[in-house]
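What follows is a single structure, written as structure tokens, with notes after it.
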Amino acid sequence: MKILIAEDDFASRKFMLRFLPKFGECDVTVDGMEAVDAFMMALEANEGYDLVCLDIMMPELDGYQVLKAIRDIEVERGIPEEKRAKVIMTTALNEGRNVTKAFELGCVAYAGKPIDQEKFESVLKKLGLVS
């Protein structure tokens with residue numbers, strides 16, 4: 001599995017880099033623009049991401065803008081829905097309107113910080129990303 005972690009907070013990034021590599025190869029970006037660039041580069045190299053872990057509060061572009069850009073890119077390239085990246089929002093913003101907006105834009109799961117490893121792993125299993 002190929003994973004993109006888009007996280008500007010050092011402590012959260014460090015946690016994700018300890019937790020996620022057991023599931024696959026991880027790339028890390030620290031702002032929204034870098035995340036969109038990494039996503040595009042991976043597609044151009046025919047190595048698209050299976051999973052994108054996306055923080056909402058990031059510099060340059062926020063997580064919502066990145067999620068919209070990712071979904072727009074996938075539609076433009078004619079990537080069928082079942083082959084699109086699974087996007088999990090990883091954020092401290094847990095109010096209902098934030099969750100609703102993220103799902104409307106195309107995320108498949110929402111993980112509040114601090115991340116609960118067991119719940120996160122359970123979500124990865126439900127999404128069919130790990131067995």
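Ordered as shown in the structure tokens, chains take letters A, B, and onward, while each chain numbers its residues from 1 and ligands are numbered from 1 in the order shown.
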Stretch 13-24 of chain A: which residues within 8 Å, counting only C-alpha atoms, same-chain residues fewer than 2 positions away excluded, as an mmCIF file with C-alpha atoms, in the first residue's frame?
```cif
data_model
loop_
_atom_site.group_PDB
_atom_site.id
_atom_site.type_symbol
_atom_site.label_atom_id
_atom_site.label_comp_id
_atom_site.auth_asym_id
_atom_site.auth_seq_id
_atom_site.Cartn_x
_atom_site.Cartn_y
_atom_site.Cartn_z
ATOM 1 C CA MET A 1 0.000 0.000 0.000
ATOM 2 C CA LYS A 2 1.203 3.499 -0.828
ATOM 3 C CA ILE A 3 0.342 6.169 1.762
ATOM 4 C CA ILE A 5 0.549 11.734 5.047
ATOM 5 C CA GLU A 7 0.345 16.861 8.293
ATOM 6 C CA ASP A 8 1.892 20.177 9.357
ATOM 7 C CA ASP A 9 2.088 19.403 13.087
ATOM 8 C CA PHE A 10 5.446 17.827 13.986
ATOM 9 C CA ALA A 11 4.163 15.644 16.842
ATOM 10 C CA CYS A 26 4.750 6.424 3.386
ATOM 11 C CA VAL A 28 5.017 12.945 3.997
ATOM 12 C CA GLN A 117 -4.453 3.280 16.784
ATOM 13 C CA VAL A 130 -5.242 -4.119 5.281
#
```
Review point. Can you list, as a ChimeraX atom specification, every residue of chain A that DSSP puts in strand (DSSP E)?
Key: /A:2-6,25-29,51-54,86-91,109-112
Check your understanding: Given the choices A:Gly32, A:Gly96, A:Pro80, A:Gly128, which gets closest to A:Tyr64 if the distance is worked out from only C-alpha atoms?
Key ->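 Closest to A:Tyr64 of all the choices is A:Gly32.
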Let's see if you can do this: from backbone DSSP, list all alpha helix (DSSP H) residues in stretch 66-114 of chain A, as a tab-separated table (two decimals) with N, CA and C atoms, in the first residue's frame.
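Ended up saving to out-v4.tsv:
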```tsv
chain	number	residue	atom	x	y	z
A	66	VAL	N	-7.44	20.53	-0.33
A	66	VAL	CA	-6.63	19.42	-0.85
A	66	VAL	C	-7.55	18.26	-1.26
A	67	LEU	N	-8.51	17.93	-0.42
A	67	LEU	CA	-9.43	16.84	-0.72
A	67	LEU	C	-10.21	17.13	-2.01
A	68	LYS	N	-10.69	18.36	-2.15
A	68	LYS	CA	-11.42	18.73	-3.38
A	68	LYS	C	-10.49	18.61	-4.59
A	69	ALA	N	-9.25	19.09	-4.46
A	69	ALA	CA	-8.29	19.01	-5.57
A	69	ALA	C	-8.02	17.56	-5.95
A	70	ILE	N	-7.83	16.68	-4.95
A	70	ILE	CA	-7.58	15.26	-5.21
A	70	ILE	C	-8.76	14.65	-5.98
A	71	ARG	N	-9.97	14.90	-5.50
A	71	ARG	CA	-11.15	14.33	-6.17
A	71	ARG	C	-11.31	14.91	-7.58
A	72	ASP	N	-11.04	16.20	-7.76
A	72	ASP	CA	-11.13	16.80	-9.09
A	72	ASP	C	-10.11	16.18	-10.04
A	73	ILE	N	-8.89	15.96	-9.56
A	73	ILE	CA	-7.82	15.35	-10.37
A	73	ILE	C	-8.24	13.94	-10.79
A	74	GLU	N	-8.78	13.18	-9.84
A	74	GLU	CA	-9.20	11.81	-10.14
A	74	GLU	C	-10.31	11.79	-11.20
A	75	VAL	N	-11.26	12.71	-11.09
A	75	VAL	CA	-12.35	12.79	-12.07
A	75	VAL	C	-11.79	13.18	-13.44
A	76	GLU	N	-10.91	14.21	-13.47
A	76	GLU	CA	-10.30	14.66	-14.73
A	76	GLU	C	-9.57	13.52	-15.43
A	96	GLY	N	-19.53	18.65	14.19
A	96	GLY	CA	-20.35	18.02	13.16
A	96	GLY	C	-20.22	18.64	11.78
A	97	ARG	N	-20.16	19.98	11.71
A	97	ARG	CA	-20.11	20.62	10.39
A	97	ARG	C	-18.81	20.30	9.66
A	98	ASN	N	-17.70	20.14	10.42
A	98	ASN	CA	-16.42	19.79	9.80
A	98	ASN	C	-16.47	18.37	9.24
A	99	VAL	N	-17.05	17.47	10.02
A	99	VAL	CA	-17.18	16.07	9.60
A	99	VAL	C	-18.05	15.99	8.35
A	100	THR	N	-19.20	16.66	8.39
A	100	THR	CA	-20.13	16.65	7.25
A	100	THR	C	-19.46	17.18	6.00
A	101	LYS	N	-18.76	18.31	6.12
A	101	LYS	CA	-18.11	18.93	4.96
A	101	LYS	C	-17.07	17.97	4.36
A	102	ALA	N	-16.30	17.31	5.21
A	102	ALA	CA	-15.27	16.38	4.73
A	102	ALA	C	-15.89	15.22	3.95
A	103	PHE	N	-16.98	14.66	4.46
A	103	PHE	CA	-17.64	13.56	3.75
A	103	PHE	C	-18.28	14.04	2.45
A	104	GLU	N	-18.84	15.25	2.46
A	104	GLU	CA	-19.42	15.80	1.23
A	104	GLU	C	-18.36	15.96	0.14
A	105	LEU	N	-17.13	16.28	0.55
A	105	LEU	CA	-16.03	16.46	-0.41
A	105	LEU	C	-15.40	15.14	-0.85
```
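Reported to one decimal place, the separation of atom CA of A:Glu82 from atom CA of A:Asn46 is 16.4 Å.
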Practice item. Tell me which protein, DNA and RNA residues are within 7 Å of A:Tyr110, counting only C-alpha atoms, leaving out same-chain ones fewer than 3 positions away, and put them as a PyMOL selection string. Key: chain A and resi 88-90+99
Any chance you can output those residues with all heavy atoms as a CSV table (one decimal), in the first residue's frame?
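Saved as result-v1.csv:
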```csv
chain,number,residue,atom,x,y,z
A,88,ILE,N,-8.6,9.7,4.5
A,88,ILE,CA,-9.0,9.7,5.9
A,88,ILE,C,-8.6,11.1,6.4
A,88,ILE,O,-7.4,11.4,6.4
A,88,ILE,CB,-8.4,8.6,6.7
A,88,ILE,CG1,-8.9,7.2,6.2
A,88,ILE,CG2,-8.8,8.8,8.2
A,88,ILE,CD1,-8.2,6.0,6.9
A,89,MET,N,-9.6,11.8,6.9
A,89,MET,CA,-9.2,13.1,7.5
A,89,MET,C,-8.7,12.8,8.9
A,89,MET,O,-9.4,12.1,9.7
A,89,MET,CB,-10.5,14.0,7.6
A,89,MET,CG,-11.1,14.3,6.3
A,89,MET,SD,-10.1,14.9,5.0
A,89,MET,CE,-10.1,16.7,5.3
A,90,THR,N,-7.6,13.4,9.3
A,90,THR,CA,-7.0,13.2,10.6
A,90,THR,C,-6.9,14.6,11.2
A,90,THR,O,-6.0,15.3,10.8
A,90,THR,CB,-5.6,12.5,10.5
A,90,THR,OG1,-4.8,13.3,9.6
A,90,THR,CG2,-5.7,11.1,10.0
A,99,VAL,N,-17.1,17.5,10.0
A,99,VAL,CA,-17.2,16.1,9.6
A,99,VAL,C,-18.0,16.0,8.4
A,99,VAL,O,-17.7,15.4,7.3
A,99,VAL,CB,-17.8,15.2,10.7
A,99,VAL,CG1,-18.0,13.8,10.3
A,99,VAL,CG2,-16.9,15.2,12.0
```
Review point. Of the candidates A:Val87, A:Ala92, A:Ala6, A:Ala109, which shows the shortest atom-to-atom distance to A:Asp50, using only C-alpha atoms?
Key: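 Looking at the shortest contact to A:Asp50, the residue is A:Val87.
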